[in-house]
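Here is the structure we will look at.
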Amino acid sequence: MIKDITIGQYFPGISPVHRMDPRVKIILTAVFIVMLFVADSIWGLIVGAAFTLVSFMISRIPLKLMFKSLKPILPIIIFTGVLNLFFIKSGDVYFHWKIFTITSEGVRTAIFMAVRIICLIIGTSLLTYTTSPIDLTDAIERLLSPLKKIKVPVHELAMMMTIALRFIPTLIEETDKIMSAQKARGADMETGSLMKRAKALIPILVPLFVSSFRRAEELALAMECRCYHGGEGRTRMKQLRMTVLDGYACFYTAAFFACVIAVNILI
Amino acid sequence: MDSFLKAENLTFSYINEIEEPPVKTQVLKNIDLEIGRGEFVAVLGHNGSGKSTLAKCFNAINIPESGNAYVDGINTRDEDKLLDIRQRVGMVFQNPDNQIVATIVEEDVAFALENMGVEPGEIRRRVDDALKTVGMYEYREHAVHKLSGGQKQRVAIAGIIAMRPDCILLDEPTAMLDPSGRAEVMKTIKMLNREKNVTIVLITHYMEEAAQADRVVVIDGGEIMMDGTPKQIFSQVQTIRNLGLDVPQVTELCFELRQHGVEISQDIITEDECVEALSKLLQTQR
Amino acid sequence: MAVIKTENLTYIYGEGTPFEKKAVDDVSLEIYEGEMVGVIGHTGSGKSTLIQHFNGLLKPSAGSVYIDGEKLWEDKARLREIRFKVGLVFQYPEYQLFEETCYKDIAFGPKNMGLDEAETDRRIRETAQMVGLKSELLDKSPFELSGGQKRRVAIAGVMAMKPKVLILDEPASGLDPKGREQILSLLKEYHQATKSTVMIVSHSMEDVARYADRILVMNKSKLFCLDTTEKVFHRSEELSSMGLSVPQITRVFNRLKIMGVIPERDVYTTPYALKLVLGELGKE
């Protein structure tokens with residue numbers, strides 16, 4: 001069901017990963033992505049995967065959730081896997097039938113790419129699992145604050161993101177409700193041509209837009225009543241402060257990065 | 001009692017500028033109203049009677065077309081004092097979902113204080129305080145969308161009381177809640193009024209809620225039709241009904257009994273009063 | 001004959017996930033043709049989940065649902081057809097309006113049923129009148145109407161499908177006292193005029209007490225009881241203890257009963273209370 005989507009959901013906790021400064025977490029996640037792409041051998045990737053796994057263990061996020069976050073992108077993983085499997089023609093031939101050829105290089109690349117994507121997803125979802133959306137946007141706002149000098153509306157963008165994150169579950173629930181209501185009136189969304197199905201979305205989208213506008217209006221009013229007047233003179237309850245913990249985290253990431261590079265050079 | 005909110009010959013119209021020529025609808029007509037510090041006032045009126053519009057005049061969301069609205073002596077027309085006014089008069093709305101800005105309970109409660117530029121340590125203290133007051137402290141790190149309606153509404157109230165306002169305007173805060181959620185919110189409101197001396201203006205459709213206030217104001221067609229204690233108001237059953245409103249069931253029963261020639265007091269508005277009066281009546285009969 | 005029948009109906013949310021929850025637990029019941037049934041239960045008691053099974057929006061995890069004698073989900077192709085027999089009006093139904101005019105919006109259901117233009121038109125006018133919607137409003141955009149009028153349009157949209165059973169989830173919520181009264185009495189009139197089955201889900205026992213022949217009470221995912229209004233209110237102490245709010249008048253007379261000043265009688269509406277007291281005083 002539509003309610004099962006877990007992307008961008010925060011799971012509160014007190015693990016070292018949770019307690020890290022979100023700015024450091026964002027930067028290290030970026031470093032991690034670079035690390036995955038620098039690793040161009042299986043061994044390098046194993047180091048990257050180990051990094052992902054160890055980080056996950058430290059965060060104490062249930063393993064079940066890790067798999068759940070992978071579920072929606074499973075088709076992409078399979079698709080790229082299959083593509084690589086059949087289209088890479090170099091290396092020893094393991095199997096050949098008509099136009100289909102599976103080679104050692106194909107198998108290697110398929111596995112390599114799949115592992116890389118899986119690590120990428122798990123690693124980045126670790127960021128959203130362990131960081132509250134507000135912390136996340138707050139960190140982004142501060143990381144980007146130098147851009148304010150060139151008149152980029154950083155605070156407004158961050159506020160928009162906060163509100164979007166807040167309303168995702170509400171709107172998902174609402175969509176579910178409207179869909180049920182229209183189905184109860186005999187709306188048919190599962191059969192017919194593409195055109196017909198697209199048209200069947202109108203009874204869902206119109207009410208959804210109308211209610212989103214209404215929500216936006218009410219929210220704006222409520223924000224005004226709570227003294228909101230833009231980013232000027234605003235303070236934050238949660239001060240972002242880097243601690244020894246963040247130092248360890250940087251060291252730990254750097255160590256793994258070094259390993260990846262070493263493996264690249266040596267193998 | 002010293003006056004805290006004051007409307008002086010206040011008139012307000014909405015202007016629909018989409019129409020050509022613009023259509024003006026007068027919503028409030030020459031309202032004179034004074035609400036004292038620490039009072040608990042319920043405002044009744046059917047949908048479209050202008051009661052929400054009036055509430056919004058008291059925190060400078062609506063600026064009167066003519067006449068004046070004062071908050072703690074400050075005229076709401078004074079734009080420099082806008083934040084002072086909003087800090088003194090908090091507002092809670094009907095739909096709990098559409099007034100919560102942040103994903104996590106405590107972060108939402110902190111929102112107003114962050115806007116006011118309070119320093120972080122003080123925000124923390126006030127947020128914890130506010131959450132304890134409404135009994136939501138254990139939920140401070142929970143995701144807002146997983147709470148029940150009553151709990152969400154209490155978080156919204158906490159977000160307001162964190163500003164330490166002198167007055168809270170509540171616009172049908174219980175309309176979308178189930179009976180237990182309604183009871184939670186009413187208990188919180190009454191506690192704020194009794195223990196923290198917060199002035200409460202409660203707009204509601206539930207007569208049993210209004211019966212718990214110190215004073216009831218009835219609005220119809222943008223004018224104040226009735227103003228008095230709940231007993232004074234609800235004893236006028238016929239007038240109330242003509243305004244499209246209701247009276248508590250016990251009041252209705254006593255009214256009907258009187259219509260049938262039974263001698264029973266006309267200002268019964270609570271369960272206890274009704275039980276007492278009826279038992280006396282029936283016992284003397286036996 | 002039972003128009004709705006469930007046998008050991010069970011529904012589990014998120015089966016197989018850590019968030020698994022039994023929302024409806026082993027419910028067997030029968031709703032008869034032409035009755036008006038009130039459905040009560042606190043939030044999360046499973047009442048909304050239960051009613052969504054009655055027109056096949058949810059598929060039972062175990063057990064079965066029969067509509068008009070026909071088993072739901074046996075033949076998926078028949079599902080839509082059977083669905084038309086049970087009209088479901090969700091809470092705040094005005095939030096599902098989407099057409100340019102009220103007329104077109106009410107037509108959505110009948111059109112989906114494949115009715116021709118003439119029949120659709122006839123039904124729209126008939127139901128508009130039934131819900132007290134003036135015919136000049138039909139050509140207006142539903143978004144221009146007042147809250148109460150929007151709700152009427154939405155309810156008319158389901159009524160126009162002429163279902164054998166009309167189920168409404170909190171039809172009066174969010175309205176002012178007059179609006180509540182109007183919606184509930186128009187449902188009573190609809191019930192009497194069409195002789196169809198009407199089920200009203202409500203938090204307000206006061207409303208349910210006034211209009212329903214029988215009351216279905218859900219508690220903690222289980223069917224607590226389905227019985228005549230009188231018999232259900234006889235158990236009003238149990239109802240209060242499960243967090244339902246018993247009408248003020250019932251609370252008063254329960255206390256009077258305990259004090260021994262009135263006979264053992266269950267009171268749940270003011271007219272009845274009036275009659276009882278007048279009778280006791282010998283004034284009738």
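Here's how to read the names in the structure tokens: chain A, B, ... by the order shown, residue numbers from 1 in each chain, ligand numbers from 1 in the order shown.
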Each chain A residue no farther than 9 Å from chain C, nearest pair in Å, only C-alpha atoms, as a Markdown table:
```
| residue | atom | partner | partner_atom | distance |
| --- | --- | --- | --- | --- |
| A:Met1 | CA | C:Gly14 | CA | 8.7 |
| A:Asp4 | CA | C:Gly14 | CA | 8.3 |
| A:Lys64 | CA | C:Pro18 | CA | 8.8 |
| A:Lys177 | CA | C:Phe90 | CA | 8.3 |
| A:Ile178 | CA | C:Gln96 | CA | 6.0 |
| A:Met179 | CA | C:Gln96 | CA | 8.9 |
| A:Ser180 | CA | C:Leu57 | CA | 6.8 |
| A:Ala181 | CA | C:Phe90 | CA | 6.3 |
| A:Gln182 | CA | C:Gln96 | CA | 7.3 |
| A:Lys183 | CA | C:Leu57 | CA | 7.6 |
| A:Ala184 | CA | C:Leu88 | CA | 6.0 |
| A:Arg185 | CA | C:Gly109 | CA | 4.9 |
| A:Gly186 | CA | C:Asn112 | CA | 5.5 |
| A:Ala187 | CA | C:Asn112 | CA | 6.4 |
| A:Asp188 | CA | C:Asn112 | CA | 8.0 |
| A:Ile202 | CA | C:Phe98 | CA | 7.8 |
| A:Pro203 | CA | C:Phe98 | CA | 5.7 |
| A:Ile204 | CA | C:Gln96 | CA | 7.6 |
| A:Leu205 | CA | C:Phe98 | CA | 8.4 |
| A:Val206 | CA | C:Phe98 | CA | 5.5 |
| A:Pro207 | CA | C:Gln96 | CA | 5.4 |
| A:Leu208 | CA | C:Gln96 | CA | 8.2 |
| A:Val210 | CA | C:Tyr95 | CA | 8.1 |
| A:Ser211 | CA | C:Tyr95 | CA | 7.0 |
```
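If you take only C-alpha atoms and a cut-off of 6 Å, the residues of chain B that reach chain C are His46, Ala175, His205, Gly244, Leu245, Leu253 and Val275 of chain B.
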Tell me as a VMD selection string which residues belonging to chain A come within 7 Å of chain B, counting only C-alpha atoms.
chain A and resid 162 to 163 166 169 to 170 215 218 to 219 222 225 to 228 233 to 238
For N, CA and C atoms, I'd like the residues from the last selection saved as a PDB file, in the first residue's frame.
```pdb
ATOM      1  N   THR A 162      11.390  21.819   4.966  1.00  0.00           N
ATOM      2  CA  THR A 162      10.849  21.374   6.251  1.00  0.00           C
ATOM      3  C   THR A 162       9.364  21.083   6.119  1.00  0.00           C
ATOM      4  N   ILE A 163       8.647  22.020   5.509  1.00  0.00           N
ATOM      5  CA  ILE A 163       7.199  21.875   5.403  1.00  0.00           C
ATOM      6  C   ILE A 163       6.847  20.706   4.487  1.00  0.00           C
ATOM      7  N   ARG A 166       7.244  17.599   6.394  1.00  0.00           N
ATOM      8  CA  ARG A 166       6.203  17.465   7.403  1.00  0.00           C
ATOM      9  C   ARG A 166       4.901  16.967   6.782  1.00  0.00           C
ATOM     10  N   PRO A 169       3.679  12.607   4.882  1.00  0.00           N
ATOM     11  CA  PRO A 169       2.774  11.572   5.411  1.00  0.00           C
ATOM     12  C   PRO A 169       1.307  11.987   5.383  1.00  0.00           C
ATOM     13  N   THR A 170       1.040  13.254   5.683  1.00  0.00           N
ATOM     14  CA  THR A 170      -0.344  13.743   5.691  1.00  0.00           C
ATOM     15  C   THR A 170      -0.969  13.610   4.304  1.00  0.00           C
ATOM     16  N   ARG A 215      -4.784  23.627   2.856  1.00  0.00           N
ATOM     17  CA  ARG A 215      -3.819  23.392   3.933  1.00  0.00           C
ATOM     18  C   ARG A 215      -2.753  24.483   3.938  1.00  0.00           C
ATOM     19  N   GLU A 218      -4.121  27.639   5.459  1.00  0.00           N
ATOM     20  CA  GLU A 218      -4.271  27.549   6.911  1.00  0.00           C
ATOM     21  C   GLU A 218      -2.919  27.525   7.611  1.00  0.00           C
ATOM     22  N   LEU A 219      -1.978  26.819   6.996  1.00  0.00           N
ATOM     23  CA  LEU A 219      -0.652  26.730   7.615  1.00  0.00           C
ATOM     24  C   LEU A 219       0.024  28.096   7.644  1.00  0.00           C
ATOM     25  N   ALA A 222      -1.433  30.026  10.415  1.00  0.00           N
ATOM     26  CA  ALA A 222      -0.973  29.539  11.715  1.00  0.00           C
ATOM     27  C   ALA A 222       0.476  29.969  11.966  1.00  0.00           C
ATOM     28  N   CYS A 225       0.520  33.565  12.929  1.00  0.00           N
ATOM     29  CA  CYS A 225       0.069  33.717  14.312  1.00  0.00           C
ATOM     30  C   CYS A 225       1.175  33.353  15.290  1.00  0.00           C
ATOM     31  N   ARG A 226       2.117  32.558  14.834  1.00  0.00           N
ATOM     32  CA  ARG A 226       3.209  32.182  15.722  1.00  0.00           C
ATOM     33  C   ARG A 226       4.452  33.014  15.404  1.00  0.00           C
ATOM     34  N   CYS A 227       4.191  34.240  15.020  1.00  0.00           N
ATOM     35  CA  CYS A 227       5.247  35.247  14.879  1.00  0.00           C
ATOM     36  C   CYS A 227       6.249  34.951  13.771  1.00  0.00           C
ATOM     37  N   TYR A 228       5.907  34.127  12.800  1.00  0.00           N
ATOM     38  CA  TYR A 228       6.864  33.873  11.722  1.00  0.00           C
ATOM     39  C   TYR A 228       6.976  35.112  10.848  1.00  0.00           C
ATOM     40  N   GLY A 233      16.510  37.399  12.222  1.00  0.00           N
ATOM     41  CA  GLY A 233      16.456  37.411  13.681  1.00  0.00           C
ATOM     42  C   GLY A 233      15.996  36.118  14.300  1.00  0.00           C
ATOM     43  N   ARG A 234      15.962  35.066  13.496  1.00  0.00           N
ATOM     44  CA  ARG A 234      15.511  33.770  14.001  1.00  0.00           C
ATOM     45  C   ARG A 234      16.625  33.091  14.786  1.00  0.00           C
ATOM     46  N   THR A 235      16.262  32.423  15.866  1.00  0.00           N
ATOM     47  CA  THR A 235      17.246  31.600  16.576  1.00  0.00           C
ATOM     48  C   THR A 235      16.819  30.152  16.437  1.00  0.00           C
ATOM     49  N   ARG A 236      17.633  29.223  16.896  1.00  0.00           N
ATOM     50  CA  ARG A 236      17.261  27.816  16.834  1.00  0.00           C
ATOM     51  C   ARG A 236      17.383  27.189  18.199  1.00  0.00           C
ATOM     52  N   MET A 237      16.443  26.286  18.503  1.00  0.00           N
ATOM     53  CA  MET A 237      16.513  25.610  19.787  1.00  0.00           C
ATOM     54  C   MET A 237      17.746  24.717  19.822  1.00  0.00           C
ATOM     55  N   LYS A 238      17.899  23.951  18.740  1.00  0.00           N
ATOM     56  CA  LYS A 238      19.004  23.011  18.730  1.00  0.00           C
ATOM     57  C   LYS A 238      20.195  23.661  18.057  1.00  0.00           C
TER      58      LYS A 238
END
```
Hey, which bits of range 152-253 of chain A sit within 10 Å of range 25-39 of chain A, and for each residue what's the closest pair of atoms and how far apart in Å (one decimal), counting only C-alpha atoms, rows by chain and increasing number, as a tab-separated table?
```
residue	atom	partner	partner_atom	distance
A:Asp246	CA	A:Lys25	CA	8.4
A:Ala249	CA	A:Leu28	CA	8.3
A:Cys250	CA	A:Leu28	CA	7.2
A:Thr253	CA	A:Leu28	CA	7.2
```
What separation in Å, quoted to one decimal, exists between CA of Ala50 in chain A and CA of Glu105 in chain A?
23.3 Å
